[in-house]
Amino acid sequence: MRRKLKLLFLAIIAVFLVVHILKEPKTTIPKSIQDEVEIALGHFSELEGIPIAFKFKKNIKKSVMQAQPTWSGLLKPRSKRSYVILISEKFKISGAEFKTVDVPRDVLIGWIGHELGHVMDYQERGNLNLIGFGIRYVLLKEFVKKAERAADSFAVSRGMSEYILKTKRFILNHSEIDDVYKARIKQYYLSPDEIMEMVEHQDSIRDNNLL
């Protein structure tokens, strides 16, 4: 009897995996943030055709948004991967609660752009490397810093510097946001000054190429 139950259990898992692997993923966007997502996606031509599902979640620990590869995507070639970007319905810091959709429009676009920067980073990694990425992100603070700064850099290099700057300033200059959270942003992410330096460097390279 136990053997039959075990085989049945394994069969159910196998069917579940097959269904999810064969199911054709697609990009889905909640109507309330469709305009902002489309503006952000417009800066990432490399992600055209890559399925990304944007989903609201009641709460995300230590974050407002989170980009992840789907489990089925990890079993496919990177050209066939799909992703999900989870968006917290609300975020509460030091007693101040905000609905994510109610933050200034450009701030929201910047937040989404940062997460798309993560997707760009993921797309450059092989499957085993991506699994290792997840493990290191959980265990190593220095790796968190490297990953978050890389996501910022991808967004800035795709012309989203103004949006990313507005997101940083919204957090760092908001009087009701806890200093501990602000310190985390300063520790792990690009600073406004570093972003401006990146933009100036990009402009310099572009100007030299025009000569």
# chains A, B, ... in the order shown; residues from 1 in each chain; ligands from 1
$ residues_around --residues "A:Ser161" --least-positions-apart "3" --cutoff "8 Å" --atoms "only C-alpha atoms" --output "list in words"
Ala155, Val156, Ser157, Ile164, Leu165, Ile195, Met196 and Val199 of chain A
$ closest_residue --among "A:Arg81, A:Met65, A:Leu74, A:Thr167" --to "A:Pro51" --atoms "only C-alpha atoms"
A:Arg81
$ select_by_dssp --residues "stretch 92-209 of chain A" --states "helix (DSSP H, G or I)" --output "PyMOL selection string"
chain A and resi 100-102+105-123+127-139+141-172+179-188+192-209
$ atom_distance --atom1 "atom CA of A:Arg78" --atom2 "atom CA of A:Glu38"
22.6 Å
$ residues_around --residues "stretch 148-154 of chain A" --least-positions-apart "6" --cutoff "10 Å" --atoms "only C-alpha atoms" --output "PDB file with all heavy atoms, in the first residue's frame"
ATOM      1  N   PHE A  44      14.359  48.283 -22.404  1.00  0.00           N
ATOM      2  CA  PHE A  44      15.085  47.006 -22.432  1.00  0.00           C
ATOM      3  C   PHE A  44      14.709  46.198 -23.668  1.00  0.00           C
ATOM      4  O   PHE A  44      13.967  45.218 -23.585  1.00  0.00           O
ATOM      5  CB  PHE A  44      14.783  46.199 -21.167  1.00  0.00           C
ATOM      6  CG  PHE A  44      15.289  46.806 -19.903  1.00  0.00           C
ATOM      7  CD1 PHE A  44      14.520  47.736 -19.208  1.00  0.00           C
ATOM      8  CD2 PHE A  44      16.535  46.461 -19.389  1.00  0.00           C
ATOM      9  CE1 PHE A  44      14.979  48.304 -18.029  1.00  0.00           C
ATOM     10  CE2 PHE A  44      17.007  47.030 -18.208  1.00  0.00           C
ATOM     11  CZ  PHE A  44      16.230  47.953 -17.534  1.00  0.00           C
ATOM     12  N   GLY A 110      11.022  53.700 -11.902  1.00  0.00           N
ATOM     13  CA  GLY A 110      12.405  53.423 -11.508  1.00  0.00           C
ATOM     14  C   GLY A 110      12.532  52.116 -10.756  1.00  0.00           C
ATOM     15  O   GLY A 110      13.477  51.342 -10.983  1.00  0.00           O
ATOM     16  N   TRP A 111      11.589  51.839  -9.871  1.00  0.00           N
ATOM     17  CA  TRP A 111      11.606  50.584  -9.128  1.00  0.00           C
ATOM     18  C   TRP A 111      11.494  49.388 -10.093  1.00  0.00           C
ATOM     19  O   TRP A 111      12.223  48.409  -9.979  1.00  0.00           O
ATOM     20  CB  TRP A 111      10.457  50.536  -8.129  1.00  0.00           C
ATOM     21  CG  TRP A 111      10.892  50.535  -6.693  1.00  0.00           C
ATOM     22  CD1 TRP A 111      11.913  49.818  -6.150  1.00  0.00           C
ATOM     23  CD2 TRP A 111      10.328  51.300  -5.630  1.00  0.00           C
ATOM     24  NE1 TRP A 111      12.016  50.073  -4.803  1.00  0.00           N
ATOM     25  CE2 TRP A 111      11.053  50.976  -4.454  1.00  0.00           C
ATOM     26  CE3 TRP A 111       9.282  52.212  -5.541  1.00  0.00           C
ATOM     27  CZ2 TRP A 111      10.757  51.539  -3.215  1.00  0.00           C
ATOM     28  CZ3 TRP A 111       8.988  52.771  -4.312  1.00  0.00           C
ATOM     29  CH2 TRP A 111       9.722  52.441  -3.165  1.00  0.00           C
ATOM     30  N   GLY A 113      12.212  49.416 -13.253  1.00  0.00           N
ATOM     31  CA  GLY A 113      13.433  49.376 -14.066  1.00  0.00           C
ATOM     32  C   GLY A 113      14.559  48.657 -13.350  1.00  0.00           C
ATOM     33  O   GLY A 113      15.319  47.898 -13.977  1.00  0.00           O
ATOM     34  N   HIS A 114      14.667  48.868 -12.042  1.00  0.00           N
ATOM     35  CA  HIS A 114      15.695  48.173 -11.265  1.00  0.00           C
ATOM     36  C   HIS A 114      15.475  46.659 -11.331  1.00  0.00           C
ATOM     37  O   HIS A 114      16.425  45.892 -11.527  1.00  0.00           O
ATOM     38  CB  HIS A 114      15.671  48.642  -9.815  1.00  0.00           C
ATOM     39  CG  HIS A 114      16.573  47.856  -8.917  1.00  0.00           C
ATOM     40  ND1 HIS A 114      17.922  48.135  -8.792  1.00  0.00           N
ATOM     41  CD2 HIS A 114      16.334  46.783  -8.113  1.00  0.00           C
ATOM     42  CE1 HIS A 114      18.462  47.281  -7.941  1.00  0.00           C
ATOM     43  NE2 HIS A 114      17.529  46.444  -7.522  1.00  0.00           N
ATOM     44  N   GLU A 115      14.227  46.227 -11.196  1.00  0.00           N
ATOM     45  CA  GLU A 115      13.936  44.782 -11.252  1.00  0.00           C
ATOM     46  C   GLU A 115      14.201  44.211 -12.644  1.00  0.00           C
ATOM     47  O   GLU A 115      14.684  43.082 -12.775  1.00  0.00           O
ATOM     48  CB  GLU A 115      12.487  44.524 -10.828  1.00  0.00           C
ATOM     49  CG  GLU A 115      12.170  44.913  -9.402  1.00  0.00           C
ATOM     50  CD  GLU A 115      13.138  44.312  -8.389  1.00  0.00           C
ATOM     51  OE1 GLU A 115      13.492  43.121  -8.528  1.00  0.00           O
ATOM     52  OE2 GLU A 115      13.548  45.031  -7.464  1.00  0.00           O
ATOM     53  N   LEU A 116      13.924  44.985 -13.667  1.00  0.00           N
ATOM     54  CA  LEU A 116      14.250  44.531 -15.024  1.00  0.00           C
ATOM     55  C   LEU A 116      15.766  44.446 -15.199  1.00  0.00           C
ATOM     56  O   LEU A 116      16.259  43.623 -15.985  1.00  0.00           O
ATOM     57  CB  LEU A 116      13.631  45.478 -16.056  1.00  0.00           C
ATOM     58  CG  LEU A 116      12.099  45.442 -16.138  1.00  0.00           C
ATOM     59  CD1 LEU A 116      11.591  46.528 -17.089  1.00  0.00           C
ATOM     60  CD2 LEU A 116      11.600  44.066 -16.596  1.00  0.00           C
ATOM     61  N   GLY A 117      16.496  45.281 -14.462  1.00  0.00           N
ATOM     62  CA  GLY A 117      17.952  45.175 -14.450  1.00  0.00           C
ATOM     63  C   GLY A 117      18.388  43.824 -13.907  1.00  0.00           C
ATOM     64  O   GLY A 117      19.336  43.205 -14.407  1.00  0.00           O
ATOM     65  N   HIS A 118      17.680  43.335 -12.883  1.00  0.00           N
ATOM     66  CA  HIS A 118      17.964  41.995 -12.364  1.00  0.00           C
ATOM     67  C   HIS A 118      17.708  40.935 -13.441  1.00  0.00           C
ATOM     68  O   HIS A 118      18.496  40.003 -13.601  1.00  0.00           O
ATOM     69  CB  HIS A 118      17.079  41.693 -11.148  1.00  0.00           C
ATOM     70  CG  HIS A 118      17.590  42.248  -9.868  1.00  0.00           C
ATOM     71  ND1 HIS A 118      18.839  41.929  -9.357  1.00  0.00           N
ATOM     72  CD2 HIS A 118      17.025  43.097  -8.971  1.00  0.00           C
ATOM     73  CE1 HIS A 118      19.010  42.555  -8.207  1.00  0.00           C
ATOM     74  NE2 HIS A 118      17.927  43.281  -7.947  1.00  0.00           N
ATOM     75  N   VAL A 119      16.602  41.093 -14.164  1.00  0.00           N
ATOM     76  CA  VAL A 119      16.285  40.120 -15.221  1.00  0.00           C
ATOM     77  C   VAL A 119      17.393  40.106 -16.277  1.00  0.00           C
ATOM     78  O   VAL A 119      17.791  39.041 -16.767  1.00  0.00           O
ATOM     79  CB  VAL A 119      14.916  40.430 -15.866  1.00  0.00           C
ATOM     80  CG1 VAL A 119      14.650  39.494 -17.047  1.00  0.00           C
ATOM     81  CG2 VAL A 119      13.791  40.289 -14.835  1.00  0.00           C
ATOM     82  N   MET A 120      17.901  41.295 -16.628  1.00  0.00           N
ATOM     83  CA  MET A 120      19.012  41.370 -17.569  1.00  0.00           C
ATOM     84  C   MET A 120      20.216  40.596 -17.040  1.00  0.00           C
ATOM     85  O   MET A 120      20.882  39.862 -17.788  1.00  0.00           O
ATOM     86  CB  MET A 120      19.402  42.830 -17.802  1.00  0.00           C
ATOM     87  CG  MET A 120      18.427  43.617 -18.663  1.00  0.00           C
ATOM     88  SD  MET A 120      18.450  43.091 -20.392  1.00  0.00           S
ATOM     89  CE  MET A 120      20.145  43.465 -20.819  1.00  0.00           C
ATOM     90  N   ASP A 121      20.504  40.769 -15.762  1.00  0.00           N
ATOM     91  CA  ASP A 121      21.614  40.060 -15.124  1.00  0.00           C
ATOM     92  C   ASP A 121      21.379  38.548 -15.197  1.00  0.00           C
ATOM     93  O   ASP A 121      22.287  37.779 -15.548  1.00  0.00           O
ATOM     94  CB  ASP A 121      21.728  40.524 -13.667  1.00  0.00           C
ATOM     95  CG  ASP A 121      22.987  39.992 -12.977  1.00  0.00           C
ATOM     96  OD1 ASP A 121      23.843  39.404 -13.662  1.00  0.00           O
ATOM     97  OD2 ASP A 121      23.113  40.194 -11.761  1.00  0.00           O
ATOM     98  N   TYR A 122      20.155  38.112 -14.882  1.00  0.00           N
ATOM     99  CA  TYR A 122      19.832  36.685 -14.919  1.00  0.00           C
ATOM    100  C   TYR A 122      20.010  36.115 -16.326  1.00  0.00           C
ATOM    101  O   TYR A 122      20.482  34.990 -16.489  1.00  0.00           O
ATOM    102  CB  TYR A 122      18.395  36.440 -14.472  1.00  0.00           C
ATOM    103  CG  TYR A 122      18.057  36.905 -13.072  1.00  0.00           C
ATOM    104  CD1 TYR A 122      16.737  37.158 -12.709  1.00  0.00           C
ATOM    105  CD2 TYR A 122      19.045  37.091 -12.104  1.00  0.00           C
ATOM    106  CE1 TYR A 122      16.402  37.571 -11.429  1.00  0.00           C
ATOM    107  CE2 TYR A 122      18.720  37.518 -10.828  1.00  0.00           C
ATOM    108  CZ  TYR A 122      17.390  37.754 -10.502  1.00  0.00           C
ATOM    109  OH  TYR A 122      17.068  38.177  -9.240  1.00  0.00           O
ATOM    110  N   TYR A 137      23.143  34.927  -2.924  1.00  0.00           N
ATOM    111  CA  TYR A 137      22.386  36.124  -2.560  1.00  0.00           C
ATOM    112  C   TYR A 137      21.826  35.988  -1.146  1.00  0.00           C
ATOM    113  O   TYR A 137      21.775  36.948  -0.376  1.00  0.00           O
ATOM    114  CB  TYR A 137      21.251  36.358  -3.561  1.00  0.00           C
ATOM    115  CG  TYR A 137      20.572  37.700  -3.413  1.00  0.00           C
ATOM    116  CD1 TYR A 137      20.985  38.783  -4.172  1.00  0.00           C
ATOM    117  CD2 TYR A 137      19.524  37.889  -2.505  1.00  0.00           C
ATOM    118  CE1 TYR A 137      20.378  40.031  -4.038  1.00  0.00           C
ATOM    119  CE2 TYR A 137      18.913  39.123  -2.357  1.00  0.00           C
ATOM    120  CZ  TYR A 137      19.347  40.192  -3.129  1.00  0.00           C
ATOM    121  OH  TYR A 137      18.745  41.417  -2.980  1.00  0.00           O
ATOM    122  N   MET A 160      17.728  54.776 -18.079  1.00  0.00           N
ATOM    123  CA  MET A 160      16.736  54.979 -17.024  1.00  0.00           C
ATOM    124  C   MET A 160      17.297  55.762 -15.833  1.00  0.00           C
ATOM    125  O   MET A 160      16.726  55.715 -14.732  1.00  0.00           O
ATOM    126  CB  MET A 160      16.203  53.622 -16.543  1.00  0.00           C
ATOM    127  CG  MET A 160      15.407  52.865 -17.581  1.00  0.00           C
ATOM    128  SD  MET A 160      14.354  51.590 -16.834  1.00  0.00           S
ATOM    129  CE  MET A 160      13.096  52.609 -16.028  1.00  0.00           C
ATOM    130  N   SER A 161      18.375  56.486 -16.027  1.00  0.00           N
ATOM    131  CA  SER A 161      19.027  57.160 -14.902  1.00  0.00           C
ATOM    132  C   SER A 161      18.092  58.107 -14.150  1.00  0.00           C
ATOM    133  O   SER A 161      18.090  58.140 -12.915  1.00  0.00           O
ATOM    134  CB  SER A 161      20.268  57.924 -15.380  1.00  0.00           C
ATOM    135  OG  SER A 161      19.924  58.890 -16.359  1.00  0.00           O
ATOM    136  N   ILE A 164      15.719  56.063 -11.998  1.00  0.00           N
ATOM    137  CA  ILE A 164      16.424  55.432 -10.881  1.00  0.00           C
ATOM    138  C   ILE A 164      16.798  56.480  -9.830  1.00  0.00           C
ATOM    139  O   ILE A 164      16.662  56.243  -8.620  1.00  0.00           O
ATOM    140  CB  ILE A 164      17.692  54.699 -11.376  1.00  0.00           C
ATOM    141  CG1 ILE A 164      17.330  53.587 -12.371  1.00  0.00           C
ATOM    142  CG2 ILE A 164      18.468  54.124 -10.193  1.00  0.00           C
ATOM    143  CD1 ILE A 164      16.492  52.479 -11.785  1.00  0.00           C
ATOM    144  N   LEU A 165      17.232  57.644 -10.270  1.00  0.00           N
ATOM    145  CA  LEU A 165      17.567  58.715  -9.334  1.00  0.00           C
ATOM    146  C   LEU A 165      16.348  59.160  -8.525  1.00  0.00           C
ATOM    147  O   LEU A 165      16.446  59.391  -7.312  1.00  0.00           O
ATOM    148  CB  LEU A 165      18.145  59.913 -10.094  1.00  0.00           C
ATOM    149  CG  LEU A 165      19.609  59.796 -10.525  1.00  0.00           C
ATOM    150  CD1 LEU A 165      19.962  60.913 -11.487  1.00  0.00           C
ATOM    151  CD2 LEU A 165      20.536  59.821  -9.303  1.00  0.00           C
ATOM    152  N   ILE A 185      19.858  50.923   1.662  1.00  0.00           N
ATOM    153  CA  ILE A 185      19.921  51.443   0.290  1.00  0.00           C
ATOM    154  C   ILE A 185      21.318  52.003   0.004  1.00  0.00           C
ATOM    155  O   ILE A 185      21.889  51.772  -1.067  1.00  0.00           O
ATOM    156  CB  ILE A 185      18.845  52.533   0.075  1.00  0.00           C
ATOM    157  CG1 ILE A 185      17.439  51.940   0.225  1.00  0.00           C
ATOM    158  CG2 ILE A 185      19.009  53.174  -1.303  1.00  0.00           C
ATOM    159  CD1 ILE A 185      17.108  50.842  -0.759  1.00  0.00           C
ATOM    160  N   GLN A 187      24.088  51.149   1.469  1.00  0.00           N
ATOM    161  CA  GLN A 187      25.105  50.099   1.547  1.00  0.00           C
ATOM    162  C   GLN A 187      25.141  49.221   0.298  1.00  0.00           C
ATOM    163  O   GLN A 187      26.216  48.878  -0.199  1.00  0.00           O
ATOM    164  CB  GLN A 187      24.848  49.218   2.777  1.00  0.00           C
ATOM    165  CG  GLN A 187      25.856  48.078   2.931  1.00  0.00           C
ATOM    166  CD  GLN A 187      25.579  47.229   4.158  1.00  0.00           C
ATOM    167  OE1 GLN A 187      24.622  47.467   4.900  1.00  0.00           O
ATOM    168  NE2 GLN A 187      26.426  46.231   4.386  1.00  0.00           N
ATOM    169  N   TYR A 188      23.973  48.873  -0.228  1.00  0.00           N
ATOM    170  CA  TYR A 188      23.917  47.849  -1.267  1.00  0.00           C
ATOM    171  C   TYR A 188      23.695  48.386  -2.689  1.00  0.00           C
ATOM    172  O   TYR A 188      23.955  47.668  -3.655  1.00  0.00           O
ATOM    173  CB  TYR A 188      22.805  46.845  -0.956  1.00  0.00           C
ATOM    174  CG  TYR A 188      23.060  46.024   0.284  1.00  0.00           C
ATOM    175  CD1 TYR A 188      22.218  46.109   1.388  1.00  0.00           C
ATOM    176  CD2 TYR A 188      24.157  45.169   0.371  1.00  0.00           C
ATOM    177  CE1 TYR A 188      22.446  45.355   2.532  1.00  0.00           C
ATOM    178  CE2 TYR A 188      24.395  44.407   1.502  1.00  0.00           C
ATOM    179  CZ  TYR A 188      23.538  44.512   2.580  1.00  0.00           C
ATOM    180  OH  TYR A 188      23.777  43.769   3.710  1.00  0.00           O
ATOM    181  N   TYR A 189      23.213  49.600  -2.823  1.00  0.00           N
ATOM    182  CA  TYR A 189      22.826  50.114  -4.139  1.00  0.00           C
ATOM    183  C   TYR A 189      23.742  51.253  -4.583  1.00  0.00           C
ATOM    184  O   TYR A 189      24.453  51.842  -3.773  1.00  0.00           O
ATOM    185  CB  TYR A 189      21.372  50.604  -4.110  1.00  0.00           C
ATOM    186  CG  TYR A 189      20.358  49.527  -3.797  1.00  0.00           C
ATOM    187  CD1 TYR A 189      20.245  49.004  -2.508  1.00  0.00           C
ATOM    188  CD2 TYR A 189      19.515  49.027  -4.787  1.00  0.00           C
ATOM    189  CE1 TYR A 189      19.311  48.004  -2.214  1.00  0.00           C
ATOM    190  CE2 TYR A 189      18.571  48.037  -4.500  1.00  0.00           C
ATOM    191  CZ  TYR A 189      18.488  47.533  -3.212  1.00  0.00           C
ATOM    192  OH  TYR A 189      17.572  46.555  -2.931  1.00  0.00           O
ATOM    193  N   LEU A 190      23.689  51.572  -5.861  1.00  0.00           N
ATOM    194  CA  LEU A 190      24.432  52.718  -6.352  1.00  0.00           C
ATOM    195  C   LEU A 190      23.898  53.997  -5.708  1.00  0.00           C
ATOM    196  O   LEU A 190      22.686  54.162  -5.549  1.00  0.00           O
ATOM    197  CB  LEU A 190      24.300  52.836  -7.871  1.00  0.00           C
ATOM    198  CG  LEU A 190      25.018  51.798  -8.731  1.00  0.00           C
ATOM    199  CD1 LEU A 190      24.729  52.067 -10.211  1.00  0.00           C
ATOM    200  CD2 LEU A 190      26.522  51.794  -8.481  1.00  0.00           C
ATOM    201  N   SER A 191      24.786  54.907  -5.361  1.00  0.00           N
ATOM    202  CA  SER A 191      24.375  56.192  -4.807  1.00  0.00           C
ATOM    203  C   SER A 191      24.002  57.133  -5.950  1.00  0.00           C
ATOM    204  O   SER A 191      24.397  56.913  -7.099  1.00  0.00           O
ATOM    205  CB  SER A 191      25.522  56.802  -3.997  1.00  0.00           C
ATOM    206  OG  SER A 191      26.580  57.204  -4.871  1.00  0.00           O
ATOM    207  N   GLU A 194      27.099  58.217  -7.778  1.00  0.00           N
ATOM    208  CA  GLU A 194      27.664  57.183  -8.655  1.00  0.00           C
ATOM    209  C   GLU A 194      26.856  57.063  -9.941  1.00  0.00           C
ATOM    210  O   GLU A 194      27.419  56.840 -11.022  1.00  0.00           O
ATOM    211  CB  GLU A 194      27.692  55.842  -7.921  1.00  0.00           C
ATOM    212  CG  GLU A 194      28.762  55.760  -6.842  1.00  0.00           C
ATOM    213  CD  GLU A 194      28.685  54.485  -6.047  1.00  0.00           C
ATOM    214  OE1 GLU A 194      27.565  54.129  -5.588  1.00  0.00           O
ATOM    215  OE2 GLU A 194      29.724  53.826  -5.870  1.00  0.00           O
ATOM    216  N   ILE A 195      25.556  57.227  -9.833  1.00  0.00           N
ATOM    217  CA  ILE A 195      24.705  57.171 -11.029  1.00  0.00           C
ATOM    218  C   ILE A 195      25.042  58.331 -11.963  1.00  0.00           C
ATOM    219  O   ILE A 195      25.158  58.154 -13.179  1.00  0.00           O
ATOM    220  CB  ILE A 195      23.219  57.204 -10.629  1.00  0.00           C
ATOM    221  CG1 ILE A 195      22.850  55.890  -9.924  1.00  0.00           C
ATOM    222  CG2 ILE A 195      22.327  57.403 -11.858  1.00  0.00           C
ATOM    223  CD1 ILE A 195      21.469  55.893  -9.312  1.00  0.00           C
ATOM    224  N   MET A 198      28.178  57.627 -13.784  1.00  0.00           N
ATOM    225  CA  MET A 198      27.939  56.676 -14.871  1.00  0.00           C
ATOM    226  C   MET A 198      27.377  57.379 -16.100  1.00  0.00           C
ATOM    227  O   MET A 198      27.796  57.127 -17.229  1.00  0.00           O
ATOM    228  CB  MET A 198      26.961  55.582 -14.431  1.00  0.00           C
ATOM    229  CG  MET A 198      27.567  54.457 -13.639  1.00  0.00           C
ATOM    230  SD  MET A 198      26.371  53.107 -13.419  1.00  0.00           S
ATOM    231  CE  MET A 198      26.186  52.559 -15.122  1.00  0.00           C
TER     232      MET A 198
END
$ closest_residue --among "A:Asn208, A:Leu139, A:Pro104, A:Gln123" --to "A:Ile171" --atoms "only C-alpha atoms"
A:Pro104
$ closest_residue --among "A:Glu89, A:Asp193, A:Asp207, A:Glu97" --to "A:Ile60" --atoms "only C-alpha atoms"
A:Glu89
$ atom_distance --atom1 "atom CA of A:Ser82" --atom2 "atom CA of A:Gly49"
9.7 Å
$ closest_residue --among "A:Ser63, A:Asn129, A:Thr70, A:Gln34" --to "A:Tyr181" --atoms "only C-alpha atoms"
A:Ser63
$ closest_residue --among "A:Arg206, A:Val180, A:Arg169, A:Ile52" --to "A:Pro192" --atoms "only C-alpha atoms"
A:Arg169
$ closest_residue --among "A:Ile39, A:Lys90, A:Gly126, A:Thr27" --to "A:Lys76" --atoms "only C-alpha atoms"
A:Gly126
$ residues_around --residues "A:Phe56" --least-positions-apart "6" --cutoff "10 Å" --atoms "only C-alpha atoms" --output "PyMOL selection string"
chain A and resi 29-30+65+85-90+100
$ write_last_selection --atoms "all heavy atoms" --output "tab-separated table (two decimals), in the first residue's frame"
chain	number	residue	atom	x	y	z
A	29	ILE	N	0.58	41.78	-17.07
A	29	ILE	CA	0.79	43.03	-16.35
A	29	ILE	C	-0.55	43.47	-15.74
A	29	ILE	O	-1.54	43.60	-16.48
A	29	ILE	CB	1.30	44.14	-17.29
A	29	ILE	CG1	2.56	43.69	-18.04
A	29	ILE	CG2	1.57	45.42	-16.50
A	29	ILE	CD1	2.98	44.63	-19.15
A	30	PRO	N	-0.61	43.73	-14.43
A	30	PRO	CA	-1.85	44.27	-13.84
A	30	PRO	C	-2.19	45.62	-14.48
A	30	PRO	O	-1.30	46.44	-14.75
A	30	PRO	CB	-1.48	44.44	-12.36
A	30	PRO	CG	-0.36	43.48	-12.13
A	30	PRO	CD	0.42	43.47	-13.42
A	65	MET	N	9.93	45.14	-4.29
A	65	MET	CA	9.77	44.31	-5.48
A	65	MET	C	10.86	43.24	-5.49
A	65	MET	O	11.90	43.39	-4.85
A	65	MET	CB	9.86	45.15	-6.76
A	65	MET	CG	8.79	46.19	-6.89
A	65	MET	SD	8.83	47.03	-8.51
A	65	MET	CE	7.67	48.35	-8.19
A	85	ILE	N	8.06	39.08	-11.63
A	85	ILE	CA	8.44	40.21	-10.78
A	85	ILE	C	7.31	40.43	-9.79
A	85	ILE	O	6.18	40.79	-10.17
A	85	ILE	CB	8.69	41.48	-11.61
A	85	ILE	CG1	9.96	41.30	-12.46
A	85	ILE	CG2	8.85	42.71	-10.69
A	85	ILE	CD1	10.32	42.48	-13.32
A	86	LEU	N	7.60	40.14	-8.52
A	86	LEU	CA	6.62	40.30	-7.45
A	86	LEU	C	6.65	41.74	-6.95
A	86	LEU	O	7.73	42.31	-6.77
A	86	LEU	CB	6.92	39.33	-6.31
A	86	LEU	CG	6.92	37.84	-6.68
A	86	LEU	CD1	7.37	37.00	-5.49
A	86	LEU	CD2	5.55	37.40	-7.15
A	87	ILE	N	5.48	42.30	-6.72
A	87	ILE	CA	5.36	43.68	-6.28
A	87	ILE	C	4.51	43.71	-5.01
A	87	ILE	O	3.36	43.26	-5.02
A	87	ILE	CB	4.70	44.55	-7.37
A	87	ILE	CG1	5.51	44.46	-8.67
A	87	ILE	CG2	4.58	46.00	-6.91
A	87	ILE	CD1	4.78	45.01	-9.88
A	88	SER	N	5.07	44.23	-3.94
A	88	SER	CA	4.32	44.31	-2.69
A	88	SER	C	3.16	45.29	-2.83
A	88	SER	O	3.33	46.39	-3.37
A	88	SER	CB	5.25	44.76	-1.55
A	88	SER	OG	4.54	44.83	-0.34
A	89	GLU	N	1.98	44.88	-2.38
A	89	GLU	CA	0.83	45.78	-2.46
A	89	GLU	C	1.06	47.03	-1.61
A	89	GLU	O	0.64	48.13	-1.97
A	89	GLU	CB	-0.43	45.05	-1.98
A	89	GLU	CG	-0.88	43.93	-2.93
A	89	GLU	CD	-2.10	43.21	-2.40
A	89	GLU	OE1	-2.55	43.53	-1.28
A	89	GLU	OE2	-2.59	42.32	-3.11
A	90	LYS	N	1.73	46.85	-0.47
A	90	LYS	CA	2.02	47.96	0.43
A	90	LYS	C	3.43	47.78	0.97
A	90	LYS	O	3.96	46.68	0.99
A	90	LYS	CB	1.04	48.00	1.60
A	90	LYS	CG	-0.41	48.22	1.21
A	90	LYS	CD	-1.30	48.20	2.44
A	90	LYS	CE	-2.77	48.40	2.07
A	90	LYS	NZ	-3.65	48.35	3.27
A	100	THR	N	1.95	50.79	-2.86
A	100	THR	CA	2.99	50.87	-3.88
A	100	THR	C	2.52	51.62	-5.12
A	100	THR	O	3.26	52.40	-5.70
A	100	THR	CB	3.48	49.46	-4.26
A	100	THR	OG1	3.91	48.79	-3.06
A	100	THR	CG2	4.65	49.53	-5.22
$ select_by_dssp --residues "stretch 70-202 of chain A" --states "strand (DSSP E)" --output "ChimeraX atom specification"
/A:83-88,90-93,96-99
$ residues_around --residues "A:Ile112" --least-positions-apart "6" --cutoff "8 Å" --atoms "only C-alpha atoms" --output "list in words"
Glu36, Val37, Ala40 and Met65 of chain A
$ write_last_selection --atoms "C-alpha atoms" --output "tab-separated table (two decimals), in the first residue's frame"
chain	number	residue	atom	x	y	z
A	36	GLU	CA	4.56	52.25	-15.89
A	37	VAL	CA	5.65	48.71	-16.78
A	40	ALA	CA	10.21	50.60	-18.19
A	65	MET	CA	9.77	44.31	-5.48
